[in-house]
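Peer 1: Supplied in structure tokens, the structure appears directly below.
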Amino acid sequence: MNQYLDLFLTFARVGVMTFGGGYAMLPILEREVVDGKGWATSEELMDYYAVGQCTPGVIAVNTATFIGQKQAGNLGGIVATLGIVFPSLVIITAIAGVLTNFSHLAVVQNAFAGIRVCVCVLVFNAVVKLWKNAVVDKWSLLLFLAVFLLSLLLDVSPVIFVIITAAAGILLTVLGVRKHE
């Protein structure tokens with residue numbers, strides 16, 4: 001039972017400390033799950049994020065589910081998922097009741113403008129961390145640039161990019177151009 005409580009509390013701590021969505025959550029998740037608990041490596045966390053983006057639902061919730069399931073089976077996945085959404089559920093419910101009455105005030109609008117700037121920085125920090133672990137050679141840089149440019153030019157689902165780059169990674173390994181780590 002302690003394992004489930006640990007999963008719930010760890011992900012609740014991540015959930016309560018996260019502002020800005022799944023990408024902004026990456027540094028907090030890495031600190032708690034990789035550095036603090038050793039439940040996943042940085043590479044596994046990035047893999048969970050990639051798969052979490054391709055599956056229905058919120059990236060952070062999907063990632064919590066993957067890690068919880070890895071640690072304690074299906075029930076662990078459920079407990080971790082509940083842990084990560086519980087703080088948001090409580091906080092949003094409380095704020096929703098108050099916010100509708102005060103959203104027209106300039107101070108509230110200015111506060112949200114400041115929060116949006118902070119969220120941009122948190123997302124940027126997550127991108128930098130992902131970059132350091134993902135772009136490790138000229139082939140991963142080439143894949144990054146291709147996906148980046150194509151995502152600017154084409155309006156296609158991120159799932160397509162993930163499938164294509166997964167196939168490219170397999171192909172590069174099979175051809176011996178890139179070594180399996």
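Letters A, B, ... go to the chains of the structure tokens in the order shown; residues in each chain start at 1; ligands are counted from 1 in the same order.
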Got a sec: who's within 10 Å of Asn133 (chain A), counting only C-alpha atoms, leaving out chain neighbours fewer than 6 positions off, as a list in words?
Peer 2: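 Within the cut-off, the hits are Ser42, Glu43 and Met46 of chain A.
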Peer 1: Output N, CA, C and O atoms of each residue in that selection to a file, as a compact mmCIF listing (two decimals), in the first residue's frame.
Peer 2:
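File produced: again_21.txt:
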# COMPACT_ATOMS: atom_id res chain seq x y z
N SER A 42 16.14 9.72 -17.81
CA SER A 42 15.77 10.89 -18.61
C SER A 42 15.30 10.46 -20.00
O SER A 42 14.35 11.02 -20.55
N GLU A 43 15.97 9.45 -20.56
CA GLU A 43 15.60 8.96 -21.88
C GLU A 43 14.21 8.32 -21.86
O GLU A 43 13.41 8.55 -22.76
N MET A 46 11.59 11.01 -21.73
CA MET A 46 11.38 11.61 -23.05
C MET A 46 10.55 10.69 -23.94
O MET A 46 9.69 11.15 -24.69
Peer 1: At a cut-off of 9 Å, using only C-alpha atoms, what residues contact Gly77 (chain A)? Leave out same-chain residues fewer than 4 positions from it and give the result as a VMD selection string.
Peer 2: chain A and resid 7 64 to 73 81 to 82
Peer 1: For Val162 (chain A), which residue among A:Phe112, A:Tyr49, A:Phe86, A:Phe8 is the nearest when counting only C-alpha atoms?
Peer 2: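 Of the candidates, the smallest distance to Val162 (chain A) is held by A:Tyr49.
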Peer 1: For Leu9 (chain A), which residue out of A:Val85, A:Leu154, A:Leu45, A:Met25 is the nearest one, using only C-alpha atoms?
Peer 2: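 Ranking A:Val85, A:Leu154, A:Leu45, A:Met25 by distance to Leu9 (chain A), first place goes to A:Val85.
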Peer 1: Just the residues within 9 Å of Cys120 (chain A), please, counting only C-alpha atoms, with nothing from its chain fewer than 4 positions along; format it as a PDB file with N, CA, C and O atoms, in the first residue's frame.
Peer 2:
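So the final result, stored in result.pdb, reads:
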ATOM      1  N   GLY A  20       1.315  25.665 -16.618  1.00  0.00           N
ATOM      2  CA  GLY A  20       1.669  25.782 -18.024  1.00  0.00           C
ATOM      3  C   GLY A  20       1.547  24.508 -18.823  1.00  0.00           C
ATOM      4  O   GLY A  20       1.926  24.465 -19.975  1.00  0.00           O
ATOM      5  N   ALA A  24       5.774  22.324 -19.618  1.00  0.00           N
ATOM      6  CA  ALA A  24       6.320  23.040 -18.473  1.00  0.00           C
ATOM      7  C   ALA A  24       6.528  22.099 -17.295  1.00  0.00           C
ATOM      8  O   ALA A  24       7.335  22.364 -16.409  1.00  0.00           O
ATOM      9  N   ILE A 115       1.604  35.629 -15.879  1.00  0.00           N
ATOM     10  CA  ILE A 115       1.686  34.166 -15.789  1.00  0.00           C
ATOM     11  C   ILE A 115       1.985  33.568 -17.159  1.00  0.00           C
ATOM     12  O   ILE A 115       2.782  32.630 -17.280  1.00  0.00           O
ATOM     13  N   ARG A 116       1.388  34.112 -18.224  1.00  0.00           N
ATOM     14  CA  ARG A 116       1.651  33.599 -19.575  1.00  0.00           C
ATOM     15  C   ARG A 116       3.123  33.731 -19.939  1.00  0.00           C
ATOM     16  O   ARG A 116       3.702  32.834 -20.556  1.00  0.00           O
ATOM     17  N   PHE A 124      10.086  26.818 -22.580  1.00  0.00           N
ATOM     18  CA  PHE A 124      11.405  26.949 -23.214  1.00  0.00           C
ATOM     19  C   PHE A 124      12.448  26.117 -22.469  1.00  0.00           C
ATOM     20  O   PHE A 124      13.263  25.422 -23.087  1.00  0.00           O
ATOM     21  N   ASN A 125      12.432  26.164 -21.139  1.00  0.00           N
ATOM     22  CA  ASN A 125      13.369  25.353 -20.352  1.00  0.00           C
ATOM     23  C   ASN A 125      13.175  23.862 -20.617  1.00  0.00           C
ATOM     24  O   ASN A 125      14.147  23.104 -20.694  1.00  0.00           O
TER      25      ASN A 125
END
Peer 1: Nearest residue to Thr63 (chain A) out of A:Ile92, A:Leu122, A:Val33, A:Val128, using only C-alpha atoms?
Peer 2: A:Val33
Peer 1: With distances taken over only C-alpha atoms, which residue among A:Val51, A:Glu44, A:Gly38, A:Gly76 lies nearest Gln3 (chain A)?
Peer 2: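 Looking only at the distances to Gln3 (chain A), the closest residue turns out to be A:Gly76.
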Peer 1: Expressed in Å to a single decimal, how great is the separation between CA of Ser88 (chain A) and CA of Val14 (chain A)?
Peer 2: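 Those two atoms sit 10.4 Å apart.
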Peer 1: Let's see if you can do this: from backbone DSSP, list all alpha helix (DSSP H) residues in chain A, as a ChimeraX atom specification.
Peer 2: /A:2-16,22-29,42-54,59-102,106-134,138-153,158-174
Peer 1: Grab the CA of Pro87 (chain A) to CA of Tyr4 (chain A) distance for me, in Å with one decimal place.
Peer 2: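 The value is 16.8 Å.
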Peer 1: Neighbouring residues of region 170-178 of chain A were defined as those with any atom within 9 Å, considering only C-alpha atoms; residues of the same chain fewer than 3 positions away were excluded. Please report them as a list in words.
Peer 2: Asp137, Trp139, Thr165, Ala166 and Ala167 of chain A
Peer 1: If we count only C-alpha atoms, what is near Val127 (chain A) at a cut-off of 10 Å, once residues fewer than 3 positions away on the same chain are taken out, given as a ChimeraX atom specification?
Peer 2: /A:23-24,26-27,121-124,130-132
Peer 1: Okay, now the selection with C-alpha atoms, as a compact mmCIF listing (two decimals), in the first residue's frame?
Peer 2:
# COMPACT_ATOMS: atom_id res chain seq x y z
CA TYR A 23 5.85 20.70 -21.39
CA ALA A 24 6.32 23.04 -18.47
CA LEU A 26 8.94 18.20 -17.68
CA PRO A 27 11.61 19.73 -15.39
CA VAL A 121 9.92 30.42 -20.00
CA LEU A 122 8.98 27.10 -18.37
CA VAL A 123 8.14 25.59 -21.76
CA PHE A 124 11.40 26.95 -23.21
CA LEU A 130 14.68 17.78 -24.30
CA TRP A 131 17.17 19.13 -26.85
CA LYS A 132 20.17 18.15 -24.73
